[in-house]
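Read the structure below first, then the notes.
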Amino acid sequence: MNYRLVLKYLGHFAIALGLLMLPAAAWAVYFREWAPLAAFSVSVVLSCAFGAVLALIGRDAPSNLYQREALGFVGLSWLMAAGLGAMPYVFAGVFHPVDAYFECMSGFTTTGSSVMTDIEGTAKSILFWRSFTHWLGGMGIVVLFIAVLPYLGAGGKQLFKSESPGPDPPGLRPRIKDTASILYKIYLAFTVAETVALMLAGMTLYDALCHTFGTLATGGFSTRQASIGAFDSLAVDTIIIFFMICAGSNFALYFAMLRGNWKALWKDSEWRVYIAVIVVCIAAVTLNLRGIGGATAADPEGAQPVYGSAGAALRYASFQVVSIMTTTGYCTADFDAWPHFSRMLLVVLMFVGGCAGSTGGGMKVVRIIIVLKMAYWRLETTFRPKAVRAVRVGRQVVDDDVRQTVYGFFVLYLAWFVGGALFMSFLGLPFQTAVSSVAATLNNIGPGLELVGATQNYHHVPMIGKVFLSLCMALGRLELFSILVLFVPAFWRR
Amino acid sequence: MNVFIAGAGRVGSHLARLLSVEGHDITVIESGPERLEQVDYALDVSTLHGNAASVLLLKQAGVESADLFVALTGHDEANLIAAAAAKGLGAKQVVARVDNATYVESGILYEAMLGIDYVLSPDALTALEIANYIETSGIIAAEYFGRGRVQMRQMRVSKSPTVRGKTLQDVCPPGSGVLLGIISRNGQILIPHGDTIVETGDLVTLIGRSEKMDSVQKRFQGTEPKARRVVVMGGGSIGLHLARALENQRRSVKLFDRNMARCTELAAALDKTKVVCRDATSREALEQEQVTDADVFVSTTNDDERNIMAGVLAKEMGIEQAIAVVHHPDFAPLVAKLGVDHAVTPRACIANRILKLVHQRGVTSLAVLEEGQVEIVELSVASDAPVVGKRLRDLKTQLPSRALVATILRGENVIVPSGRDEIRSGDSVVMIVAADSLEPVQKLFLR
């Protein structure tokens, strides 16, 4: 392990992160919030100083960046980013350090789980920083790093692969730096488009930006306690649904469309499954909300539909299904009060998540497709032992190596989920809360059920639980391996 | 530049590495998944799995926008088909590698009939490089540029006492019209300054006025008589090409090969060369064939260890100079340590040839040295370039540390510059640049 190189890059990274706090400081000036401004200033200086020290230690490190260093750097940089990004919260007196770490990790990993109890009463620049961490984490902070820094070369490719979601991240251009900057350009274009759309729908620039960050990164932090529900506008709901679906799709497909392949999205079988799942689940939840199998906790008979009109049921069902499936976690309704079937369906959707190469979390649609096909194939083998079949996604045959990795990922992911749920219940959380808190953080959703539900919050979770859930978020965002290896002793030895 | 490389074997992946370090967009096509994974892991290039001779695959890969397509797989036929197909699809320049002697012979005809720009054989290129080395007596590479007024020579420092232990300042003083550009010592590249000491066995690259070259070269190498008698070990395709080339240079050649059937073929193919069916790694054979007083011994088999040890033995037996073909690139720099005078690496020969094709706006690659780590390039300075009007001394902070302005060509004048000379618009500069510094240098001189 080339420790000094990792330190050097971490140093550069810390400096970059410090500078990225400046936009939030600018908002502090705009809103005349002097205490947060001081907090941001101190944080910028500390981040840069810390980074400079690390860079100095590693200044003449040999420049070989291999897979190990890449994994180490990506894993550590995320853990460190949440620490540095938490400083403004602490210095502004908003949070206790552990809460601040949780909130910041939730931001960078685009989870959106919050420990903030009084959102409207918090300084606006702090809220901006909270949403901005979403935006940075969505496409990947390390990917941004690759796009901007000139010197990473083939090492950049290892970094890119360690951070990008999905089983086999594609290279859009021969050089990884170009790939990273194209992804960011597409991301920026979406950001501008959504911000303008939300302003046309009546939001202020500030609100539009914050919610755009939350949507495109599939994050979920809002500037309002009641999330998107606070705006109570059909136009806002529709715009956000549209952009959540965009953010949950594979960004490589947008690049293909830019190159003139207009049918790229439609021809992609993962995207078709993704859309089909969304449509079917919206239909199921809508019917459920209209009283079909509509037993709720408050009304075990299911006699009364939750919403009086089909239109309202469709509107809230669409928003919530898309929000959970894409792992955004915005709310327009308290889905915790919905019928049992809808709640269960939403928890299942949490695990599916967005497409590979999107900003969404979860296990990703393509992995679910592969695992289900493999399972079916096994089933067929029991009565036709000699049959030979290829596992395909669309026309592409999935090779054995990818299959093994997906399988390993699936098992580890569920094992972590089960272990995590056990651990949370050991800390004294009730059944649904324990299960849904791990599901909601590991899959980078945000709100869970019951005590961590849509109208609730994570602030009452014990300290140790918050630290554990922060770890779950990082694991989910980096798809386990880049974080898990940090805990393997052999990884650090020579 | 947008470059496609078919085949990720030794040559293909080597070339991909060199070009990607220089900042080109590279796509590697390879049918072996393991090799492809290796490249994908180690290099910043995009990879594509499949057979490069498939026109459908090439089309899908977007070969029509390629500036250069190079087919380097192990299959000659596939290379010819792939290159012709790429040209048909619209690639600007295409190159095919062929190994089989039958195809090598008709290389030029293929070029004309299939529309391939260059049909290259690594073995023939290797043989040519060895023959040149023998011809120019110890100059490993020689290139002229600036319409012949400037020359670059690369040579190994022999036991000549004039330079040993002396600083560069003494050997090539400023104003001598010749500049020592690069020293390569045990495979390490040094870009020297005034007080660098030259050692025996160093590989030095001199650049300067053509007319001053001979006198300066004498300081680095004692005067050696022209080689007349050459012993070639190994009658493979390199050996055959080499024997032919040496025959043309009117040298007396003895060719050793162990295989009787092959020897019969060689004897039929070669006119004046004496073919001997014996193992040239045996003392007895060398003595009995009376070659111990030959001038040059060249070992060209496919086995690196045998080539190197045979060279060591030949030197031991009294042959003046030994040259070994070394396929494994990591071995090549070690050869000098063992007493063998020069190692030639086939994959470097073909990669260097292809690198020269990678022209860019305003840049001509004149020579590629040390496995492509260093290039000598000629740049025409653009009128709006950031360097215009600046003295070299003032450029020190902007210029990458591994880049050196060797000569300035201004109209009819050749300037071997010192820190006081300034760069003007319209100048051509000859520069020695490490591969990874080429991109920043271009930005400075070309905009």
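If you're wondering about the labels, chains in the structure tokens are A, B, ... by order shown, residues count from 1 in each chain, ligands from 1 in order shown.
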
What are the closest atom pairs, with distances in Å to one decimal, for each residue of region 435-465 of chain A lying within 12 Å of region 346-353 of chain A, using only C-alpha atoms, rows by chain and rising residue number, as JSON lines?
{"residue": "A:Val435", "atom": "CA", "partner": "A:Val347", "partner_atom": "CA", "distance": 9.5}
{"residue": "A:Ser436", "atom": "CA", "partner": "A:Val347", "partner_atom": "CA", "distance": 7.3}
{"residue": "A:Ser437", "atom": "CA", "partner": "A:Val347", "partner_atom": "CA", "distance": 10.5}
{"residue": "A:Val438", "atom": "CA", "partner": "A:Met350", "partner_atom": "CA", "distance": 10.7}
{"residue": "A:Ala439", "atom": "CA", "partner": "A:Met350", "partner_atom": "CA", "distance": 7.0}
{"residue": "A:Ala440", "atom": "CA", "partner": "A:Met350", "partner_atom": "CA", "distance": 7.0}
{"residue": "A:Thr441", "atom": "CA", "partner": "A:Met350", "partner_atom": "CA", "distance": 9.7}
{"residue": "A:Leu442", "atom": "CA", "partner": "A:Phe351", "partner_atom": "CA", "distance": 8.8}
{"residue": "A:Asn443", "atom": "CA", "partner": "A:Phe351", "partner_atom": "CA", "distance": 6.2}
{"residue": "A:Asn444", "atom": "CA", "partner": "A:Met350", "partner_atom": "CA", "distance": 8.4}
{"residue": "A:Ile445", "atom": "CA", "partner": "A:Met350", "partner_atom": "CA", "distance": 6.9}
{"residue": "A:Gly446", "atom": "CA", "partner": "A:Met350", "partner_atom": "CA", "distance": 10.0}
{"residue": "A:Pro447", "atom": "CA", "partner": "A:Met350", "partner_atom": "CA", "distance": 10.5}
{"residue": "A:Gly448", "atom": "CA", "partner": "A:Val347", "partner_atom": "CA", "distance": 8.1}
{"residue": "A:Leu449", "atom": "CA", "partner": "A:Val347", "partner_atom": "CA", "distance": 8.7}
{"residue": "A:Gly453", "atom": "CA", "partner": "A:Val347", "partner_atom": "CA", "distance": 11.6}

Fill in: Who sits within 9 Å of region 73-89 of chain A, only C-alpha atoms, same chain under 2 positions skipped, as a ChimeraX atom specification
/A:6-7,9-10,13-14,17-18,21,36-44,46-47,68-71,91-109,126,129,133,141-142,159,162-163,471,474,478,481-486

Practice prompt. Considering only C-alpha atoms, extract the chain A residues located within 9 Å of chain B and return them as number ranges by chain.
Written response: A: 66-67, 153-158, 171-177

Worksheet entry | Those of region 176-387 of chain B in DSSP alpha helix (DSSP H), formatted as a ChimeraX atom specification | /B:210-220,237-248,260-269,283-288,304-317,346-355

Fill in: Residue neighbourhood Val196 (chain A), 12 Å, only C-alpha atoms, exclusion window fewer than 5 positions, as a list of chain:residue names
A:Ala189, A:Phe190, A:Thr191, A:Ala201, A:Gly202, A:Met203, A:Thr204, A:Leu205, A:Tyr206, A:Asp207, A:Ala208, A:Leu209, A:His211, A:Thr212, A:Val236, A:Ile239

Could you save the residues just selected, with C-alpha atoms, as a CSV table (one decimal), in the first residue's frame?
chain,number,residue,atom,x,y,z
A,189,ALA,CA,-27.5,20.6,-17.7
A,190,PHE,CA,-30.2,18.8,-15.8
A,191,THR,CA,-29.5,21.0,-12.8
A,201,ALA,CA,-43.6,26.8,-11.0
A,202,GLY,CA,-43.2,29.6,-8.4
A,203,MET,CA,-40.2,28.7,-6.2
A,204,THR,CA,-37.6,31.2,-5.3
A,205,LEU,CA,-34.1,30.7,-6.7
A,206,TYR,CA,-32.9,29.5,-3.3
A,207,ASP,CA,-35.7,26.9,-2.9
A,208,ALA,CA,-35.4,25.8,-6.5
A,209,LEU,CA,-31.7,25.2,-6.2
A,211,HIS,CA,-34.7,21.1,-4.3
A,212,THR,CA,-32.9,20.5,-7.6
A,236,VAL,CA,-43.9,21.2,-8.4
A,239,ILE,CA,-41.6,18.5,-12.2

Item to complete: Identify, on the basis of only C-alpha atoms, every residue whose closest approach to Leu58 (chain B) does not exceed 10 Å; exclude the query and any residue fewer than 2 positions from it along the same chain; express the result as a ChimeraX atom specification.
Response: /B:4,6,29,48,50-56,60-64,82,85-86,89

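Computed from the coordinates, the CA of Asn261 (chain A) to CA of Ser249 (chain A) distance equals 15.9 Å.
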
What lies within 10 Å of Ser210 (chain B) using only C-alpha atoms, ignoring chain neighbours under 3 positions off, as a PDB file with C-alpha atoms, in the first residue's frame?
ATOM      1  CA  TYR B 144      18.582  14.376 -39.665  1.00  0.00           C
ATOM      2  CA  PHE B 145      16.227  17.280 -39.423  1.00  0.00           C
ATOM      3  CA  GLY B 148      19.793  18.100 -42.951  1.00  0.00           C
ATOM      4  CA  ARG B 149      21.465  20.915 -41.021  1.00  0.00           C
ATOM      5  CA  VAL B 150      20.801  19.358 -37.648  1.00  0.00           C
ATOM      6  CA  GLN B 151      21.561  15.819 -36.670  1.00  0.00           C
ATOM      7  CA  MET B 152      20.711  13.642 -33.729  1.00  0.00           C
ATOM      8  CA  ARG B 153      22.901  10.680 -32.842  1.00  0.00           C
ATOM      9  CA  GLY B 177      27.423  23.614 -31.604  1.00  0.00           C
ATOM     10  CA  VAL B 178      26.480  20.235 -30.135  1.00  0.00           C
ATOM     11  CA  ILE B 207      21.945  16.906 -31.036  1.00  0.00           C
ATOM     12  CA  MET B 213      28.940  15.709 -35.113  1.00  0.00           C
ATOM     13  CA  ASP B 214      31.856  13.511 -36.147  1.00  0.00           C
TER      14      ASP B 214
END

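Nearest residue to Val230 (chain B) among B:Glu37, B:Glu135, B:Glu316, B:Asp304 is B:Glu135, counting only C-alpha atoms.
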
Discussion item. Which residues are near Gly88 (chain B)? Cut-off 9 Å, only C-alpha atoms, ignore same chain within fewer than 4 positions. Put them as a list in words.
Written reply: Glu64, Ala83, Ala84 and Gly115 of chain B

May I have the residues from that selection written out with C-alpha atoms, as a compact mmCIF listing (two decimals), in the first residue's frame?
# COMPACT_ATOMS: atom_id res chain seq x y z
CA GLU B 64 -14.76 5.79 -39.15
CA ALA B 83 -6.67 -2.74 -41.55
CA ALA B 84 -8.30 -2.87 -44.98
CA GLY B 115 -5.42 0.51 -49.29
